[in-house]
Each structure stands twice: as structure tokens, then as C-alpha cells.
$ cat final39.pdb   # PDB, C-alpha atoms, pLDDT in the B column
ATOM      1  CA  MET E   4      23.052  56.278   8.526  1.00 93.00           C
ATOM      2  CA  THR E   5      25.930  53.981   9.556  1.00 97.00           C
ATOM      3  CA  LYS E   6      29.287  55.753   9.550  1.00 97.00           C
ATOM      4  CA  ILE E   7      32.317  53.642   8.680  1.00 98.00           C
ATOM      5  CA  ILE E   8      36.091  53.992   8.750  1.00 98.00           C
ATOM      6  CA  ILE E   9      38.139  51.896   6.327  1.00 98.00           C
ATOM      7  CA  ILE E  10      41.606  50.874   7.513  1.00 97.00           C
ATOM      8  CA  GLY E  11      43.912  49.739   4.746  1.00 96.00           C
ATOM      9  CA  ALA E  12      42.190  52.180   2.421  1.00 95.00           C
ATOM     10  CA  LYS E  13      44.961  52.284  -0.201  1.00 95.00           C
ATOM     11  CA  GLY E  14      45.150  48.513  -0.614  1.00 93.00           C
ATOM     12  CA  ARG E  15      43.225  46.414  -3.124  1.00 90.00           C
ATOM     13  CA  MET E  16      40.398  45.670  -0.719  1.00 93.00           C
ATOM     14  CA  GLY E  17      40.382  49.174   0.730  1.00 95.00           C
ATOM     15  CA  LYS E  18      39.851  50.678  -2.716  1.00 96.00           C
ATOM     16  CA  ALA E  19      37.102  48.155  -3.472  1.00 95.00           C
ATOM     17  CA  LEU E  20      35.364  49.002  -0.187  1.00 97.00           C
ATOM     18  CA  THR E  21      35.460  52.729  -0.923  1.00 96.00           C
ATOM     19  CA  THR E  22      34.005  52.204  -4.396  1.00 96.00           C
ATOM     20  CA  CYS E  23      31.332  49.717  -3.353  1.00 96.00           C
ATOM     21  CA  ALA E  24      30.225  51.828  -0.378  1.00 96.00           C
ATOM     22  CA  THR E  25      28.658  54.292  -2.822  1.00 95.00           C
ATOM     23  CA  GLY E  26      26.106  51.598  -3.599  1.00 95.00           C
ATOM     24  CA  PHE E  27      24.924  51.447   0.023  1.00 95.00           C
ATOM     25  CA  PRO E  28      22.673  54.475   0.655  1.00 95.00           C
ATOM     26  CA  ASP E  29      22.645  53.816   4.420  1.00 95.00           C
ATOM     27  CA  LEU E  30      26.452  53.820   4.717  1.00 96.00           C
ATOM     28  CA  GLN E  31      28.797  56.800   4.888  1.00 96.00           C
ATOM     29  CA  VAL E  32      32.591  56.566   4.734  1.00 97.00           C
ATOM     30  CA  VAL E  33      33.902  59.086   7.286  1.00 97.00           C
ATOM     31  CA  GLY E  34      37.538  57.996   7.323  1.00 96.00           C
ATOM     32  CA  GLN E  35      40.091  56.327   5.035  1.00 96.00           C
ATOM     33  CA  ILE E  36      43.153  55.242   6.992  1.00 96.00           C
ATOM     34  CA  ASP E  37      46.350  53.730   5.680  1.00 94.00           C
ATOM     35  CA  GLN E  38      49.963  53.279   6.745  1.00 90.00           C
ATOM     36  CA  GLY E  39      51.224  56.408   8.477  1.00 90.00           C
ATOM     37  CA  ASP E  40      47.742  57.685   9.375  1.00 93.00           C
ATOM     38  CA  ASP E  41      46.405  57.769  12.939  1.00 93.00           C
ATOM     39  CA  PRO E  42      43.004  56.024  13.278  1.00 93.00           C
ATOM     40  CA  ALA E  43      42.647  57.428  16.795  1.00 94.00           C
ATOM     41  CA  ALA E  44      42.142  60.872  15.271  1.00 93.00           C
ATOM     42  CA  VAL E  45      38.910  59.876  13.520  1.00 94.00           C
ATOM     43  CA  VAL E  46      37.585  56.767  15.286  1.00 96.00           C
ATOM     44  CA  HIS E  47      35.183  58.841  17.384  1.00 94.00           C
ATOM     45  CA  GLU E  48      33.350  59.901  14.200  1.00 95.00           C
ATOM     46  CA  SER E  49      32.417  56.335  13.251  1.00 96.00           C
ATOM     47  CA  ASP E  50      29.916  53.656  14.198  1.00 98.00           C
ATOM     48  CA  VAL E  51      32.014  50.792  12.854  1.00 98.00           C
ATOM     49  CA  VAL E  52      35.589  50.240  11.679  1.00 98.00           C
ATOM     50  CA  ILE E  53      36.419  47.915   8.776  1.00 98.00           C
ATOM     51  CA  ASP E  54      39.986  46.609   8.961  1.00 97.00           C
ATOM     52  CA  PHE E  55      41.668  45.243   5.838  1.00 96.00           C
ATOM     53  CA  SER E  56      45.186  46.372   6.754  1.00 95.00           C
ATOM     54  CA  PHE E  57      47.658  43.739   7.999  1.00 93.00           C
ATOM     55  CA  HIS E  58      47.364  41.021  10.639  1.00 94.00           C
ATOM     56  CA  SER E  59      49.892  42.599  12.994  1.00 94.00           C
ATOM     57  CA  ALA E  60      47.920  45.880  13.069  1.00 95.00           C
ATOM     58  CA  THR E  61      44.571  44.329  13.953  1.00 97.00           C
ATOM     59  CA  PRO E  62      45.142  43.816  17.727  1.00 97.00           C
ATOM     60  CA  GLY E  63      45.860  47.523  18.157  1.00 97.00           C
ATOM     61  CA  ILE E  64      42.846  48.453  16.068  1.00 97.00           C
ATOM     62  CA  ALA E  65      40.641  46.125  18.119  1.00 98.00           C
ATOM     63  CA  ALA E  66      41.928  47.715  21.339  1.00 98.00           C
ATOM     64  CA  LEU E  67      41.239  51.204  19.945  1.00 97.00           C
ATOM     65  CA  CYS E  68      37.694  50.223  18.977  1.00 98.00           C
ATOM     66  CA  ALA E  69      37.131  48.738  22.425  1.00 98.00           C
ATOM     67  CA  ARG E  70      38.235  51.955  24.132  1.00 97.00           C
ATOM     68  CA  HIS E  71      35.783  53.969  22.033  1.00 97.00           C
ATOM     69  CA  ARG E  72      33.037  51.302  21.985  1.00 98.00           C
ATOM     70  CA  LYS E  73      33.016  51.041  18.182  1.00 98.00           C
ATOM     71  CA  ALA E  74      31.977  47.911  16.308  1.00 98.00           C
ATOM     72  CA  LEU E  75      34.649  46.200  14.201  1.00 98.00           C
ATOM     73  CA  VAL E  76      34.753  44.164  10.994  1.00 98.00           C
ATOM     74  CA  ILE E  77      38.019  42.216  10.653  1.00 98.00           C
ATOM     75  CA  GLY E  78      39.162  41.168   7.194  1.00 95.00           C
ATOM     76  CA  THR E  79      42.858  40.565   7.893  1.00 93.00           C
ATOM     77  CA  THR E  80      44.248  37.009   7.894  1.00 88.00           C
ATOM     78  CA  GLY E  81      47.414  35.202   8.949  1.00 86.00           C
ATOM     79  CA  HIS E  82      47.222  36.151  12.651  1.00 92.00           C
ATOM     80  CA  SER E  83      49.618  34.604  15.134  1.00 94.00           C
ATOM     81  CA  GLU E  84      48.272  32.948  18.271  1.00 94.00           C
ATOM     82  CA  SER E  85      49.200  36.001  20.355  1.00 97.00           C
ATOM     83  CA  GLU E  86      47.463  38.319  17.888  1.00 97.00           C
ATOM     84  CA  ARG E  87      44.333  36.162  17.930  1.00 96.00           C
ATOM     85  CA  ALA E  88      44.367  36.191  21.733  1.00 97.00           C
ATOM     86  CA  ALA E  89      44.666  39.987  21.847  1.00 97.00           C
ATOM     87  CA  ILE E  90      41.717  40.404  19.477  1.00 98.00           C
ATOM     88  CA  THR E  91      39.600  37.862  21.328  1.00 97.00           C
ATOM     89  CA  ALA E  92      40.318  39.632  24.610  1.00 97.00           C
ATOM     90  CA  VAL E  93      37.953  42.520  23.706  1.00 98.00           C
ATOM     91  CA  ARG E  94      35.032  40.317  22.658  1.00 97.00           C
ATOM     92  CA  SER E  95      33.051  41.235  25.782  1.00 98.00           C
ATOM     93  CA  GLU E  96      33.344  44.967  25.048  1.00 98.00           C
ATOM     94  CA  ILE E  97      32.361  45.382  21.376  1.00 98.00           C
ATOM     95  CA  PRO E  98      30.624  43.409  18.619  1.00 98.00           C
ATOM     96  CA  MET E  99      33.020  42.118  15.935  1.00 98.00           C
ATOM     97  CA  VAL E 100      32.539  40.263  12.674  1.00 98.00           C
ATOM     98  CA  TRP E 101      35.727  38.274  12.139  1.00 97.00           C
ATOM     99  CA  SER E 102      35.788  36.263   8.945  1.00 92.00           C
ATOM    100  CA  SER E 103      38.439  34.829   6.654  1.00 85.00           C
ATOM    101  CA  ASN E 104      36.209  35.628   3.675  1.00 88.00           C
ATOM    102  CA  PHE E 105      33.228  37.964   3.273  1.00 94.00           C
ATOM    103  CA  SER E 106      31.962  36.598  -0.035  1.00 92.00           C
ATOM    104  CA  THR E 107      28.411  35.262   0.058  1.00 91.00           C
ATOM    105  CA  GLY E 108      29.499  32.504  -2.328  1.00 93.00           C
ATOM    106  CA  VAL E 109      32.467  31.461  -0.187  1.00 93.00           C
ATOM    107  CA  ASN E 110      30.336  31.369   2.938  1.00 93.00           C
ATOM    108  CA  THR E 111      27.927  29.135   1.056  1.00 94.00           C
ATOM    109  CA  LEU E 112      30.995  26.997   0.247  1.00 96.00           C
ATOM    110  CA  PHE E 113      31.763  26.806   3.982  1.00 95.00           C
ATOM    111  CA  TRP E 114      28.213  25.579   4.620  1.00 95.00           C
ATOM    112  CA  LEU E 115      28.311  23.073   1.758  1.00 97.00           C
ATOM    113  CA  THR E 116      31.710  21.766   2.863  1.00 98.00           C
ATOM    114  CA  ARG E 117      30.392  21.024   6.332  1.00 97.00           C
ATOM    115  CA  LYS E 118      27.294  19.290   4.961  1.00 97.00           C
ATOM    116  CA  ALA E 119      29.301  17.243   2.463  1.00 98.00           C
ATOM    117  CA  ALA E 120      31.747  16.128   5.147  1.00 98.00           C
ATOM    118  CA  GLU E 121      28.865  15.097   7.400  1.00 98.00           C
ATOM    119  CA  ILE E 122      27.087  13.172   4.637  1.00 98.00           C
ATOM    120  CA  LEU E 123      30.126  11.455   3.104  1.00 98.00           C
ATOM    121  CA  GLY E 124      31.689  10.398   6.378  1.00 96.00           C
ATOM    122  CA  SER E 125      35.233   9.205   6.999  1.00 95.00           C
ATOM    123  CA  GLY E 126      35.690   7.112   3.852  1.00 96.00           C
ATOM    124  CA  TYR E 127      36.847  10.025   1.696  1.00 98.00           C
ATOM    125  CA  ASP E 128      40.291  11.596   1.389  1.00 98.00           C
ATOM    126  CA  LEU E 129      40.178  15.359   1.957  1.00 98.00           C
ATOM    127  CA  GLU E 130      42.259  17.863  -0.001  1.00 98.00           C
ATOM    128  CA  ILE E 131      42.069  21.661  -0.355  1.00 98.00           C
ATOM    129  CA  VAL E 132      43.684  23.616  -3.198  1.00 98.00           C
ATOM    130  CA  GLU E 133      43.757  27.414  -3.225  1.00 98.00           C
ATOM    131  CA  MET E 134      45.221  29.896  -5.708  1.00 98.00           C
ATOM    132  CA  HIS E 135      45.795  33.613  -5.302  1.00 97.00           C
ATOM    133  CA  HIS E 136      47.696  36.452  -6.978  1.00 96.00           C
ATOM    134  CA  ARG E 137      51.463  36.571  -6.751  1.00 96.00           C
ATOM    135  CA  MET E 138      51.406  39.481  -4.250  1.00 93.00           C
ATOM    136  CA  LYS E 139      49.581  37.609  -1.476  1.00 92.00           C
ATOM    137  CA  LYS E 140      51.823  37.401   1.584  1.00 89.00           C
ATOM    138  CA  ASP E 141      50.316  34.583   3.685  1.00 89.00           C
ATOM    139  CA  ALA E 142      49.813  30.926   2.857  1.00 93.00           C
ATOM    140  CA  PRO E 143      47.607  29.050   3.011  1.00 95.00           C
ATOM    141  CA  SER E 144      44.845  31.606   2.596  1.00 94.00           C
ATOM    142  CA  GLY E 145      42.583  32.336   5.540  1.00 90.00           C
ATOM    143  CA  THR E 146      39.720  30.864   3.540  1.00 93.00           C
ATOM    144  CA  ALA E 147      41.605  27.606   2.955  1.00 96.00           C
ATOM    145  CA  ARG E 148      42.391  27.376   6.646  1.00 95.00           C
ATOM    146  CA  THR E 149      38.722  27.922   7.524  1.00 93.00           C
ATOM    147  CA  LEU E 150      37.754  25.126   5.119  1.00 97.00           C
ATOM    148  CA  ALA E 151      40.327  22.845   6.757  1.00 98.00           C
ATOM    149  CA  GLU E 152      39.055  23.768  10.218  1.00 97.00           C
ATOM    150  CA  ILE E 153      35.516  22.857   9.163  1.00 97.00           C
ATOM    151  CA  LEU E 154      36.657  19.458   7.858  1.00 98.00           C
ATOM    152  CA  ALA E 155      38.702  18.758  10.988  1.00 98.00           C
ATOM    153  CA  GLU E 156      35.811  19.776  13.239  1.00 98.00           C
ATOM    154  CA  VAL E 157      33.378  17.440  11.486  1.00 98.00           C
ATOM    155  CA  ARG E 158      35.850  14.575  11.891  1.00 97.00           C
ATOM    156  CA  HIS E 159      36.657  15.497  15.507  1.00 98.00           C
ATOM    157  CA  GLN E 160      40.323  16.056  14.670  1.00 98.00           C
ATOM    158  CA  GLN E 161      42.915  18.609  15.732  1.00 97.00           C
ATOM    159  CA  LEU E 162      43.882  20.390  12.535  1.00 97.00           C
ATOM    160  CA  ASP E 163      47.509  20.981  13.460  1.00 95.00           C
ATOM    161  CA  LYS E 164      47.959  17.218  13.831  1.00 97.00           C
ATOM    162  CA  VAL E 165      46.378  16.168  10.519  1.00 97.00           C
ATOM    163  CA  ALA E 166      47.147  19.041   8.137  1.00 97.00           C
ATOM    164  CA  ARG E 167      49.586  18.192   5.327  1.00 97.00           C
ATOM    165  CA  HIS E 168      50.865  21.297   3.553  1.00 96.00           C
ATOM    166  CA  GLY E 169      52.011  20.048   0.175  1.00 93.00           C
ATOM    167  CA  ARG E 170      54.038  16.902  -0.477  1.00 92.00           C
ATOM    168  CA  GLU E 171      57.589  16.360  -1.644  1.00 92.00           C
ATOM    169  CA  GLY E 172      59.839  13.341  -1.845  1.00 94.00           C
ATOM    170  CA  LEU E 173      59.162   9.871  -0.456  1.00 94.00           C
ATOM    171  CA  VAL E 174      56.411  10.839   1.950  1.00 91.00           C
ATOM    172  CA  GLY E 175      54.767   7.427   1.968  1.00 94.00           C
ATOM    173  CA  GLU E 176      51.177   6.536   1.319  1.00 95.00           C
ATOM    174  CA  ARG E 177      48.521   9.033   2.169  1.00 95.00           C
ATOM    175  CA  THR E 178      46.943   8.388   5.572  1.00 95.00           C
ATOM    176  CA  ALA E 179      43.169   8.406   5.980  1.00 95.00           C
ATOM    177  CA  ALA E 180      43.394  11.136   8.608  1.00 96.00           C
ATOM    178  CA  GLU E 181      45.288  13.676   6.501  1.00 97.00           C
ATOM    179  CA  ILE E 182      43.765  16.930   5.322  1.00 98.00           C
ATOM    180  CA  GLY E 183      45.886  18.139   2.434  1.00 98.00           C
ATOM    181  CA  ILE E 184      46.257  21.903   1.962  1.00 98.00           C
ATOM    182  CA  HIS E 185      47.990  23.288  -1.119  1.00 98.00           C
ATOM    183  CA  ALA E 186      48.724  26.941  -1.924  1.00 97.00           C
ATOM    184  CA  VAL E 187      49.315  28.111  -5.513  1.00 98.00           C
ATOM    185  CA  ARG E 188      50.463  31.662  -6.335  1.00 98.00           C
ATOM    186  CA  GLY E 189      50.581  33.476  -9.663  1.00 98.00           C
ATOM    187  CA  GLY E 190      49.339  36.311 -11.816  1.00 97.00           C
ATOM    188  CA  ASP E 191      46.396  38.393 -10.658  1.00 95.00           C
ATOM    189  CA  VAL E 192      44.082  35.613  -9.425  1.00 96.00           C
ATOM    190  CA  VAL E 193      41.638  37.123  -6.930  1.00 93.00           C
ATOM    191  CA  GLY E 194      40.914  33.826  -5.195  1.00 94.00           C
ATOM    192  CA  ASP E 195      40.113  30.226  -6.184  1.00 97.00           C
ATOM    193  CA  HIS E 196      39.285  27.495  -3.670  1.00 98.00           C
ATOM    194  CA  THR E 197      38.576  23.812  -4.292  1.00 98.00           C
ATOM    195  CA  VAL E 198      37.602  21.228  -1.686  1.00 98.00           C
ATOM    196  CA  ILE E 199      38.142  17.644  -2.868  1.00 98.00           C
ATOM    197  CA  PHE E 200      36.443  14.563  -1.413  1.00 98.00           C
ATOM    198  CA  ALA E 201      38.051  11.518  -3.064  1.00 98.00           C
ATOM    199  CA  THR E 202      37.381   7.812  -2.590  1.00 98.00           C
ATOM    200  CA  SER E 203      37.573   4.638  -4.642  1.00 97.00           C
ATOM    201  CA  GLY E 204      35.348   5.043  -7.676  1.00 97.00           C
ATOM    202  CA  GLU E 205      34.335   8.681  -7.328  1.00 98.00           C
ATOM    203  CA  ARG E 206      35.418  12.207  -6.472  1.00 98.00           C
ATOM    204  CA  LEU E 207      33.353  15.193  -5.366  1.00 98.00           C
ATOM    205  CA  GLU E 208      34.743  18.709  -5.798  1.00 98.00           C
ATOM    206  CA  LEU E 209      33.295  21.931  -4.410  1.00 98.00           C
ATOM    207  CA  VAL E 210      34.735  24.970  -6.198  1.00 98.00           C
ATOM    208  CA  HIS E 211      34.498  28.721  -5.758  1.00 97.00           C
ATOM    209  CA  ARG E 212      36.250  31.239  -7.997  1.00 97.00           C
ATOM    210  CA  ALA E 213      36.233  34.985  -7.422  1.00 93.00           C
ATOM    211  CA  SER E 214      36.715  37.179 -10.491  1.00 92.00           C
ATOM    212  CA  ASN E 215      36.890  40.535  -8.682  1.00 90.00           C
ATOM    213  CA  ARG E 216      37.088  41.918  -5.154  1.00 89.00           C
ATOM    214  CA  ASP E 217      33.664  43.537  -5.186  1.00 94.00           C
ATOM    215  CA  THR E 218      32.085  40.350  -3.847  1.00 92.00           C
ATOM    216  CA  PHE E 219      34.306  40.565  -0.735  1.00 93.00           C
ATOM    217  CA  ALA E 220      33.812  44.309  -0.350  1.00 96.00           C
ATOM    218  CA  ASN E 221      30.024  44.110  -0.598  1.00 96.00           C
ATOM    219  CA  GLY E 222      29.992  41.330   1.982  1.00 96.00           C
ATOM    220  CA  ALA E 223      32.150  43.316   4.401  1.00 97.00           C
ATOM    221  CA  LEU E 224      29.917  46.363   4.004  1.00 97.00           C
ATOM    222  CA  ARG E 225      26.864  44.187   4.638  1.00 96.00           C
ATOM    223  CA  ALA E 226      28.605  42.896   7.765  1.00 97.00           C
ATOM    224  CA  ALA E 227      29.255  46.477   8.911  1.00 98.00           C
ATOM    225  CA  GLN E 228      25.567  47.312   8.656  1.00 97.00           C
ATOM    226  CA  TRP E 229      24.678  44.169  10.604  1.00 97.00           C
ATOM    227  CA  VAL E 230      27.266  44.263  13.390  1.00 98.00           C
ATOM    228  CA  VAL E 231      26.380  47.725  14.714  1.00 97.00           C
ATOM    229  CA  LYS E 232      23.034  46.266  15.840  1.00 97.00           C
ATOM    230  CA  GLN E 233      24.553  43.332  17.745  1.00 98.00           C
ATOM    231  CA  LYS E 234      25.616  42.757  21.335  1.00 98.00           C
ATOM    232  CA  PRO E 235      29.332  42.472  22.159  1.00 98.00           C
ATOM    233  CA  GLY E 236      30.897  39.247  20.938  1.00 98.00           C
ATOM    234  CA  ILE E 237      32.673  37.656  17.991  1.00 98.00           C
ATOM    235  CA  TYR E 238      30.519  36.826  14.982  1.00 98.00           C
ATOM    236  CA  SER E 239      31.271  35.336  11.572  1.00 94.00           C
ATOM    237  CA  MET E 240      29.915  36.024   8.114  1.00 93.00           C
ATOM    238  CA  GLN E 241      27.863  32.887   8.633  1.00 91.00           C
ATOM    239  CA  ASP E 242      26.001  34.791  11.380  1.00 95.00           C
ATOM    240  CA  VAL E 243      25.509  37.803   9.108  1.00 96.00           C
ATOM    241  CA  LEU E 244      23.988  35.615   6.382  1.00 93.00           C
ATOM    242  CA  GLY E 245      21.901  33.499   8.770  1.00 91.00           C
ATOM    243  CA  LEU E 246      23.837  30.315   7.914  1.00 86.00           C
ATOM    244  CA  ALA E 247      25.249  29.656  11.381  1.00 75.00           C
TER     245      ALA E 247
END
$ encode --input "final39.pdb" --output "C-alpha cells"
Amino acid sequence: MTKIIIIGAKGRMGKALTTCATGFPDLQVVGQIDQGDDPAAVVHESDVVIDFSFHSATPGIAALCARHRKALVIGTTGHSESERAAITAVRSEIPMVWSSNFSTGVNTLFWLTRKAAEILGSGYDLEIVEMHHRMKKDAPSGTARTLAEILAEVRHQQLDKVARHGREGLVGERTAAEIGIHAVRGGDVVGDHTVIFATSGERLELVHRASNRDTFANGALRAAQWVVKQKPGIYSMQDVLGLA
């Protein structure tokens, strides 16, 4: 039996995790932590912590897990460089699955995006469009950024130099090197992502749409089961699914 603690338990994903965990007979939720609660009081009871709280809280949670040698699944996004560095600093002490998206379908999209970029080459313009509910705080989504990172990596580019976040005014013709990233917000959209490869005469689009959060919750729970058996290090959902 793998014992888990859910941090961010009162949020949308936290509630989905709690509900979906009942479908995993080998998992037991031993703690539900949210704002104002102290995870240090219960961390010793767990095998793995699943964090879907807020990006600024994750470094402290990672440090707590490292002190108690507990595995960690990170589902927060929008981390600053200093926050990413603090999380990465404990990679030699505990195993962590750190992913911008835990959906099996989205991780297949990551794989397909890489393959498409490799096959199509440099003659295609690259654009990413993502849409989420009106309450989402960060933009672009972590998933959109991961897609952009994949495209930049295939083309041997530095993303911060080629990313174009939206366009307004007389911006001039599109350059071949640009990777366009566009964030749309509205309603209760769980998460839509489209990767566009456009060239003269044709356009290829890879699309994923999530209709509920269970797909993310089930993936994170699957990651929790997997990560407790791994050596210290940082892993992705691609590793969990055998797509890496």
C-alpha cells in the first residue's frame, strides 16, 4: 500500500485527486493539506507527497520531503528561476516526478510534437495556442511552455530568444525562427492545447482537449505509485509512461 499526502487538497485538482484515489486499491490518502495546514505534522506518515498547491510553496515542500526522505510528485506550474533552482537542489536526495501535465493524452502530444518537428524540419512556422478557465493565474500554461521547449530543443534554439507571446500592432513579418505562444482565458475550460505547423500549401495541427480534471488526477496518482520505486532524481511523466 502506497500512502500519499495531497497538498492543495481544497483546490480543483486536489478534490479530483481525492476522488480518483478511491479507484486505486494500492493507494491510501493519509493527509489532505491546504492553506493554513502544516504538512510537517503528517509528512512522516506518507510514502509520497503530491503537490498541486501554488508554485511559491513547492520549494518548501520539496525541502520538507528531502528532510524526511519522501518521494514527491510536483503538479504546480509558473515557477520562477529561483524556485526551480531550489526544487532542483534536492534531486540527489529524493525521487521526484515533475511535470507540467499528467494527462496520458497530453504526454502523447508531447511525444507527437517532437516527432512532427523532427520530420517536418525547419520549413514550417510554429505556433502554440492554449485555452484555460478564467480562474487560471499563470500564462502561458505550463503545458504550452513544455510544448514550446520541445520545439525549441528540436530546432536547437534558446526559447527565450525565439518565443513570441501574442502579437499587436505593426510587428513586421513573421520570422522563420519565431515560436508563437498564445494564451486564451474564459469560462470553465479545463485545458485545450493546439500545436500548429504551417507552411506554404499545407498546415498540420496537433490538438488535445481535456473535458475534466480526472485525466490529470489519474496520471498524477499513477506517477505517485511509480516514483516511490525509483532512485533519487527528477523524472517526467514521459518516464512514468515509458515515452522518454
$ closest_residue --input "final39.pdb" --among "E:Thr80, E:Ser102, E:Ser85, E:Gln38" --to "Lys140 (chain E)" --atoms "all atoms listed in the file"
E:Thr80
$ axis_aligned_box --input "final39.pdb" --around "region 26-36 of chain E" --padding-each-side "6 Å" --output "lines of an AutoDock Vina configuration file"
center_x = 32.9
center_y = 55.3
center_z = 1.9
size_x = 32.5
size_y = 19.6
size_z = 22.9
$ closest_residue --input "final39.pdb" --among "E:Lys234, E:His58, E:His185, E:His82" --to "Pro98 (chain E)" --atoms "only C-alpha atoms"
E:Lys234
$ residues_near_point --input "final39.pdb" --point "(39.3, 31.8, -0.2)" --cutoff "10 Å" --atoms "only C-alpha atoms" --output "list in words"
Ser103, Asn104, Phe105, Ser106, Val109, Asn110, Leu112, Phe113, Val132, Glu133, Met134, His135, Pro143, Ser144, Gly145, Thr146, Ala147, Arg148, Thr149, Leu150, Val193, Gly194, Asp195, His196, Thr197, His211, Arg212 and Ala213 of chain E
$ closest_residue --input "final39.pdb" --among "E:Pro62, E:Phe200, E:Lys118, E:Glu84" --to "Leu246 (chain E)" --atoms "all atoms listed in the file"
E:Lys118
$ atom_distance --input "final39.pdb" --atom1 "CA of Trp101 (chain E)" --atom2 "CA of Val76 (chain E)"
6.1 Å
$ resolve_selection --input "final39.pdb" --expression "the PyMOL selection byres ((chain E and resi 97) around 9)" --output "list in words"
Ala65, Cys68, Ala69, Arg72, Lys73, Ala74, Leu75, Val93, Arg94, Ser95, Glu96, Pro98, Met99, Gln233, Lys234, Pro235, Gly236 and Ile237 of chain E
$ closest_residue --input "final39.pdb" --among "E:Ala227, E:Gly245, E:Ser56, E:Ala186" --to "Gly78 (chain E)" --atoms "all atoms listed in the file"
E:Ser56
$ atom_distance --input "final39.pdb" --atom1 "CA of Ala166 (chain E)" --atom2 "CA of Ile182 (chain E)"
4.9 Å
$ resolve_selection --input "final39.pdb" --expression "the PyMOL selection byres ((chain E and resi 158) around 12)" --output "PDB file with C-alpha atoms, in the coordinates of the input"
ATOM      1  CA  ARG E 117      30.392  21.024   6.332  1.00 97.00           C
ATOM      2  CA  LYS E 118      27.294  19.290   4.961  1.00 97.00           C
ATOM      3  CA  ALA E 119      29.301  17.243   2.463  1.00 98.00           C
ATOM      4  CA  ALA E 120      31.747  16.128   5.147  1.00 98.00           C
ATOM      5  CA  GLU E 121      28.865  15.097   7.400  1.00 98.00           C
ATOM      6  CA  ILE E 122      27.087  13.172   4.637  1.00 98.00           C
ATOM      7  CA  LEU E 123      30.126  11.455   3.104  1.00 98.00           C
ATOM      8  CA  GLY E 124      31.689  10.398   6.378  1.00 96.00           C
ATOM      9  CA  SER E 125      35.233   9.205   6.999  1.00 95.00           C
ATOM     10  CA  GLY E 126      35.690   7.112   3.852  1.00 96.00           C
ATOM     11  CA  TYR E 127      36.847  10.025   1.696  1.00 98.00           C
ATOM     12  CA  ASP E 128      40.291  11.596   1.389  1.00 98.00           C
ATOM     13  CA  LEU E 129      40.178  15.359   1.957  1.00 98.00           C
ATOM     14  CA  ALA E 151      40.327  22.845   6.757  1.00 98.00           C
ATOM     15  CA  GLU E 152      39.055  23.768  10.218  1.00 97.00           C
ATOM     16  CA  ILE E 153      35.516  22.857   9.163  1.00 97.00           C
ATOM     17  CA  LEU E 154      36.657  19.458   7.858  1.00 98.00           C
ATOM     18  CA  ALA E 155      38.702  18.758  10.988  1.00 98.00           C
ATOM     19  CA  GLU E 156      35.811  19.776  13.239  1.00 98.00           C
ATOM     20  CA  VAL E 157      33.378  17.440  11.486  1.00 98.00           C
ATOM     21  CA  HIS E 159      36.657  15.497  15.507  1.00 98.00           C
ATOM     22  CA  GLN E 160      40.323  16.056  14.670  1.00 98.00           C
ATOM     23  CA  GLN E 161      42.915  18.609  15.732  1.00 97.00           C
ATOM     24  CA  LEU E 162      43.882  20.390  12.535  1.00 97.00           C
ATOM     25  CA  VAL E 165      46.378  16.168  10.519  1.00 97.00           C
ATOM     26  CA  ALA E 179      43.169   8.406   5.980  1.00 95.00           C
ATOM     27  CA  ALA E 180      43.394  11.136   8.608  1.00 96.00           C
ATOM     28  CA  GLU E 181      45.288  13.676   6.501  1.00 97.00           C
ATOM     29  CA  ILE E 182      43.765  16.930   5.322  1.00 98.00           C
TER      30      ILE E 182
END
$ closest_residue --input "final39.pdb" --among "E:Asp163, E:Thr178, E:Val51, E:Asp40" --to "Val231 (chain E)" --atoms "all atoms listed in the file"
E:Val51
$ residues_around --input "final39.pdb" --residues "Ile7 (chain E)" --least-positions-apart "2" --cutoff "10 Å" --atoms "only C-alpha atoms" --output "mmCIF file with C-alpha atoms, keeping the file's coordinate frame"
data_model
loop_
_atom_site.group_PDB
_atom_site.id
_atom_site.type_symbol
_atom_site.label_atom_id
_atom_site.label_comp_id
_atom_site.auth_asym_id
_atom_site.auth_seq_id
_atom_site.Cartn_x
_atom_site.Cartn_y
_atom_site.Cartn_z
ATOM 1 C CA MET E 4 23.052 56.278 8.526
ATOM 2 C CA THR E 5 25.930 53.981 9.556
ATOM 3 C CA ILE E 9 38.139 51.896 6.327
ATOM 4 C CA ILE E 10 41.606 50.874 7.513
ATOM 5 C CA ALA E 24 30.225 51.828 -0.378
ATOM 6 C CA LEU E 30 26.452 53.820 4.717
ATOM 7 C CA GLN E 31 28.797 56.800 4.888
ATOM 8 C CA VAL E 32 32.591 56.566 4.734
ATOM 9 C CA VAL E 33 33.902 59.086 7.286
ATOM 10 C CA GLY E 34 37.538 57.996 7.323
ATOM 11 C CA GLN E 35 40.091 56.327 5.035
ATOM 12 C CA VAL E 46 37.585 56.767 15.286
ATOM 13 C CA GLU E 48 33.350 59.901 14.200
ATOM 14 C CA SER E 49 32.417 56.335 13.251
ATOM 15 C CA ASP E 50 29.916 53.656 14.198
ATOM 16 C CA VAL E 51 32.014 50.792 12.854
ATOM 17 C CA VAL E 52 35.589 50.240 11.679
ATOM 18 C CA ILE E 53 36.419 47.915 8.776
ATOM 19 C CA LYS E 73 33.016 51.041 18.182
ATOM 20 C CA ALA E 74 31.977 47.911 16.308
ATOM 21 C CA LEU E 75 34.649 46.200 14.201
ATOM 22 C CA LEU E 224 29.917 46.363 4.004
ATOM 23 C CA ALA E 227 29.255 46.477 8.911
ATOM 24 C CA GLN E 228 25.567 47.312 8.656
#
$ atom_distance --input "final39.pdb" --atom1 "CA of Ile90 (chain E)" --atom2 "CA of Lys232 (chain E)"
19.9 Å
$ closest_residue --input "final39.pdb" --among "E:Arg177, E:His136, E:Arg170, E:Lys18" --to "Ala220 (chain E)" --atoms "all atoms listed in the file"
E:Lys18
$ decode --input "final39.pdb" --residues "region 142-157 of chain E" --atoms "C-alpha atoms" --output "short mmCIF file (atom, residue, chain, number, x, y, z; two decimals), in the first residue's frame"
data_model
loop_
_atom_site.label_atom_id
_atom_site.label_comp_id
_atom_site.auth_asym_id
_atom_site.auth_seq_id
_atom_site.Cartn_x
_atom_site.Cartn_y
_atom_site.Cartn_z
CA ALA E 142 0.15 32.32 -18.61
CA PRO E 143 1.14 30.68 -20.78
CA SER E 144 0.21 27.34 -19.26
CA GLY E 145 2.97 25.03 -18.12
CA THR E 146 1.89 22.61 -20.83
CA ALA E 147 2.21 25.26 -23.54
CA ARG E 148 5.66 26.15 -22.29
CA THR E 149 6.70 22.49 -22.36
CA LEU E 150 5.47 22.23 -25.96
CA ALA E 151 7.48 25.34 -26.86
CA GLU E 152 10.56 23.94 -25.13
CA ILE E 153 10.25 20.74 -27.16
CA LEU E 154 10.02 22.70 -30.42
CA ALA E 155 12.96 24.92 -29.49
CA GLU E 156 15.05 21.90 -28.48
CA VAL E 157 14.44 20.13 -31.78
#
